[in-house]
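J.: Before I ask anything, here is the structure I am working with.
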Amino acid sequence: MTAPARTDRGSEELIRAEEPVLAHNYHPLPVVVARAEGAWVEDVEGRRYLDMLAGYSALNFGHRHPALIEAAHRQLDRLTLTSRAFHNDRLAGFAERLAALTGTDMVLPMNTGAEAVESGIKVARKWAYDVKGVPADRATIVVAADNFHGRTTTIVSFSTDETARGGFGPFTPGFRIVPYNDLAALEAAVDETTAAVLIEPIQGEAGVLIPDDGYLAGVRELTRRKGCLFVADEIQTGLGRTGHTLAVGHESVVPDVVLLGKALGGGIVPVSAVVGSREVLGVLHPGEHGSTFGGNPLAAAVGTAVVELLETGEFQRRAAELGAVLREGLAGLVGRGVVGFRARGLWAGVDVDPALGSGREISERLMREGILVKDTHGSTIRLAPPLTVTAEELAGALGTLEKVLTS
């Protein structure tokens, strides 16, 4: 790793210093990271931890991947921002490569995942009015219960998580919520006003919930038959995490619109995008949507480097191969502190016996043993290491989990 950053304050003091000056929108584990490389991080005291969360998949390529750092350094020496008032020399190449990687026609660059979701909602509604002919202001979007698409006011309007919703109304209308993994309920909710069905191919925040085989293909068939869009939120599932470039690839499904973020910025800068067919994204005209930072040269340079890594197929293969190691290791823990798990690629939701502690408590115990994970709800923890993790590191993490659950 690089030389330690100079600080005159230790972890406990830094955590206390945050309390009066930072809004309490997160409840982090009590670790203060100062340096990182690959799958490992160091706190301010020099203690090392294996990162088994990878920034909720924003760090799919590990911390400070050399190719991504080099791309950022090169661009920092040339140009970082023009706004979209002018063209820049990096954006066209980024859009071309990303469209080719995802098998789509057009790219709408944004910054954060929530911005991609908001943009996808706007595009779907515009398409409904301009192409489908839905009467003005009557477009609806069907979503799944237990979703997590972000935390803006529109997005929490269709959340079923009261912690995310409570105290933030009034809420944006125009959404219908159905159970996840239920095609019959979905069909009943879609009508002539439906602009789109918006779902996560795997529900991450809900505990890495994987739908039944055929569900995604069923959503694709239903939306085609009913004349509405299929919008897939691949912000966590996409870009190699599940063993395919996109998680919908497990069923060879091609949505009309795909939402990307997190890993697209390589853990360096926030980069997100809405990608889709020309028929859909072509409904936007100048002035109808925008972002000062969306598609900025630095983001485009890093995003292009991310796409180049994925074009090799190496990371998708690693996720698939190491995912088998992860599943095998977790299967061996069932009945030994683990009551169940769901895994696809290098991503798993692990249900711990509640008698052993909450997900938060298990995460804290793992932290003390040098493994960083994060809980979701109840006694469930999620595992999502960088795709650069080795089989040995993965085995070590599973061994530590076994130790924590059985000691």
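Chains: A, B, ... in order of the structure tokens. Residues: from 1 per chain. Ligands: from 1, in order shown.
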Residues within 6 Å of region 100-107 of chain A, please, as a count of residues only. Count only C-alpha atoms; anything in the same chain fewer than 5 positions from it doesn't count.
T.: 6
J.: List as a PyMOL selection string the protein and nucleic acid residues near Leu79 (chain A), meaning an atom at most 10 Å away when only C-alpha atoms are counted, but skip any in the same chain fewer than 5 places from it.
T.: chain A and resi 74+88-90+296-298
J.: Give me the region 70-159 of chain A side of the contact with region 235-257 of chain A, cut-off 12 Å, one line per residue showing its nearest atom pair and distance in Å at one decimal, counting only C-alpha atoms, sorted by chain and residue number, as JSON lines.
T.:
```
{"residue": "A:Leu98", "atom": "CA", "partner": "A:Leu239", "partner_atom": "CA", "distance": 10.5}
{"residue": "A:Ala99", "atom": "CA", "partner": "A:Val257", "partner_atom": "CA", "distance": 11.5}
{"residue": "A:Ala100", "atom": "CA", "partner": "A:Thr245", "partner_atom": "CA", "distance": 11.6}
{"residue": "A:Leu101", "atom": "CA", "partner": "A:Thr245", "partner_atom": "CA", "distance": 8.0}
{"residue": "A:Thr102", "atom": "CA", "partner": "A:Thr245", "partner_atom": "CA", "distance": 7.5}
{"residue": "A:Gly103", "atom": "CA", "partner": "A:Val254", "partner_atom": "CA", "distance": 8.4}
{"residue": "A:Thr104", "atom": "CA", "partner": "A:Val257", "partner_atom": "CA", "distance": 8.5}
{"residue": "A:Asp105", "atom": "CA", "partner": "A:Val257", "partner_atom": "CA", "distance": 10.1}
{"residue": "A:Met106", "atom": "CA", "partner": "A:Val257", "partner_atom": "CA", "distance": 9.7}
{"residue": "A:Val107", "atom": "CA", "partner": "A:Val257", "partner_atom": "CA", "distance": 9.9}
{"residue": "A:Leu108", "atom": "CA", "partner": "A:Val257", "partner_atom": "CA", "distance": 10.6}
{"residue": "A:Asn111", "atom": "CA", "partner": "A:Ile235", "partner_atom": "CA", "distance": 11.8}
{"residue": "A:Thr112", "atom": "CA", "partner": "A:Ile235", "partner_atom": "CA", "distance": 9.5}
{"residue": "A:Gly113", "atom": "CA", "partner": "A:Ile235", "partner_atom": "CA", "distance": 6.3}
{"residue": "A:Ala114", "atom": "CA", "partner": "A:Ile235", "partner_atom": "CA", "distance": 9.2}
{"residue": "A:Glu115", "atom": "CA", "partner": "A:Ile235", "partner_atom": "CA", "distance": 11.0}
{"residue": "A:Ala116", "atom": "CA", "partner": "A:Ile235", "partner_atom": "CA", "distance": 8.7}
{"residue": "A:Val117", "atom": "CA", "partner": "A:Ile235", "partner_atom": "CA", "distance": 9.1}
{"residue": "A:Ser119", "atom": "CA", "partner": "A:Val257", "partner_atom": "CA", "distance": 10.8}
{"residue": "A:Gly120", "atom": "CA", "partner": "A:Val257", "partner_atom": "CA", "distance": 7.5}
{"residue": "A:Ile121", "atom": "CA", "partner": "A:Val257", "partner_atom": "CA", "distance": 10.2}
{"residue": "A:Lys122", "atom": "CA", "partner": "A:Val257", "partner_atom": "CA", "distance": 11.9}
{"residue": "A:Val123", "atom": "CA", "partner": "A:Val257", "partner_atom": "CA", "distance": 9.3}
{"residue": "A:Ala124", "atom": "CA", "partner": "A:Val257", "partner_atom": "CA", "distance": 8.8}
{"residue": "A:Trp127", "atom": "CA", "partner": "A:Asp256", "partner_atom": "CA", "distance": 11.3}
{"residue": "A:Phe148", "atom": "CA", "partner": "A:Gln236", "partner_atom": "CA", "distance": 10.2}
{"residue": "A:His149", "atom": "CA", "partner": "A:Ile235", "partner_atom": "CA", "distance": 8.5}
{"residue": "A:Gly150", "atom": "CA", "partner": "A:Ile235", "partner_atom": "CA", "distance": 10.1}
```
J.: Write out as a ChimeraX atom specification each polymer residue whose atoms come within 6 Å of region 208-221 of chain A, counting only C-alpha atoms; drop sequence neighbours fewer than 6 positions from it.
T.: /A:181,202,349
J.: Using DSSP on the backbone coordinates, identify the residues of region 56-155 of chain A assigned to strand (DSSP E or B); present them as a short mmCIF file (atom, residue, chain, number, x, y, z; two decimals) with all heavy atoms, in the first residue's frame.
T.:
```
data_model
loop_
_atom_site.label_atom_id
_atom_site.label_comp_id
_atom_site.auth_asym_id
_atom_site.auth_seq_id
_atom_site.Cartn_x
_atom_site.Cartn_y
_atom_site.Cartn_z
N HIS A 63 -9.89 -1.75 -4.80
CA HIS A 63 -9.45 -0.39 -4.49
C HIS A 63 -8.25 -0.03 -5.36
O HIS A 63 -7.29 -0.79 -5.45
CB HIS A 63 -9.06 -0.28 -3.02
CG HIS A 63 -10.20 -0.48 -2.07
ND1 HIS A 63 -10.98 0.56 -1.62
CD2 HIS A 63 -10.70 -1.61 -1.49
CE1 HIS A 63 -11.91 0.08 -0.79
NE2 HIS A 63 -11.76 -1.22 -0.70
N MET A 106 -28.01 3.70 -27.24
CA MET A 106 -27.73 5.05 -26.78
C MET A 106 -27.42 5.07 -25.29
O MET A 106 -27.83 4.18 -24.55
CB MET A 106 -28.92 5.99 -27.06
CG MET A 106 -29.29 6.11 -28.52
SD MET A 106 -30.58 7.38 -28.80
CE MET A 106 -29.58 8.85 -28.81
N VAL A 107 -26.73 6.15 -24.87
CA VAL A 107 -26.29 6.31 -23.49
C VAL A 107 -26.69 7.70 -23.01
O VAL A 107 -26.47 8.69 -23.71
CB VAL A 107 -24.76 6.14 -23.38
CG1 VAL A 107 -24.27 6.48 -21.98
CG2 VAL A 107 -24.36 4.72 -23.77
N LEU A 108 -27.26 7.76 -21.81
CA LEU A 108 -27.53 9.02 -21.14
C LEU A 108 -26.64 9.05 -19.89
O LEU A 108 -26.92 8.36 -18.91
CB LEU A 108 -29.00 9.13 -20.75
CG LEU A 108 -29.42 10.30 -19.84
CD1 LEU A 108 -29.12 11.63 -20.51
CD2 LEU A 108 -30.90 10.18 -19.48
N PRO A 109 -25.54 9.82 -19.90
CA PRO A 109 -24.62 9.80 -18.77
C PRO A 109 -25.10 10.68 -17.61
O PRO A 109 -25.54 11.81 -17.82
CB PRO A 109 -23.32 10.35 -19.37
CG PRO A 109 -23.78 11.28 -20.45
CD PRO A 109 -25.05 10.68 -21.00
N MET A 110 -25.00 10.13 -16.41
CA MET A 110 -25.33 10.87 -15.21
C MET A 110 -24.21 10.63 -14.19
O MET A 110 -23.11 10.26 -14.57
CB MET A 110 -26.71 10.46 -14.68
CG MET A 110 -27.86 10.69 -15.66
SD MET A 110 -28.09 12.42 -16.14
CE MET A 110 -28.68 13.10 -14.59
N THR A 140 -48.13 5.51 -15.42
CA THR A 140 -47.81 4.78 -14.20
C THR A 140 -46.58 3.90 -14.44
O THR A 140 -46.30 3.49 -15.56
CB THR A 140 -48.98 3.89 -13.75
OG1 THR A 140 -49.32 2.98 -14.81
CG2 THR A 140 -50.19 4.73 -13.39
N ILE A 141 -45.88 3.61 -13.35
CA ILE A 141 -44.74 2.70 -13.40
C ILE A 141 -44.95 1.65 -12.32
O ILE A 141 -45.27 1.98 -11.17
CB ILE A 141 -43.42 3.47 -13.19
CG1 ILE A 141 -43.18 4.41 -14.38
CG2 ILE A 141 -42.24 2.52 -13.00
CD1 ILE A 141 -41.95 5.29 -14.24
N VAL A 142 -44.78 0.40 -12.70
CA VAL A 142 -44.98 -0.71 -11.76
C VAL A 142 -43.62 -1.11 -11.20
O VAL A 142 -42.65 -1.30 -11.95
CB VAL A 142 -45.66 -1.90 -12.44
CG1 VAL A 142 -45.90 -3.04 -11.43
CG2 VAL A 142 -46.98 -1.47 -13.07
N VAL A 143 -43.55 -1.25 -9.88
CA VAL A 143 -42.31 -1.58 -9.19
C VAL A 143 -42.57 -2.75 -8.24
O VAL A 143 -43.71 -3.16 -8.03
CB VAL A 143 -41.77 -0.37 -8.40
CG1 VAL A 143 -41.45 0.79 -9.32
CG2 VAL A 143 -42.77 0.06 -7.32
N ALA A 144 -41.49 -3.27 -7.65
CA ALA A 144 -41.61 -4.43 -6.77
C ALA A 144 -41.46 -4.02 -5.31
O ALA A 144 -40.66 -3.14 -4.97
CB ALA A 144 -40.55 -5.47 -7.12
#
```
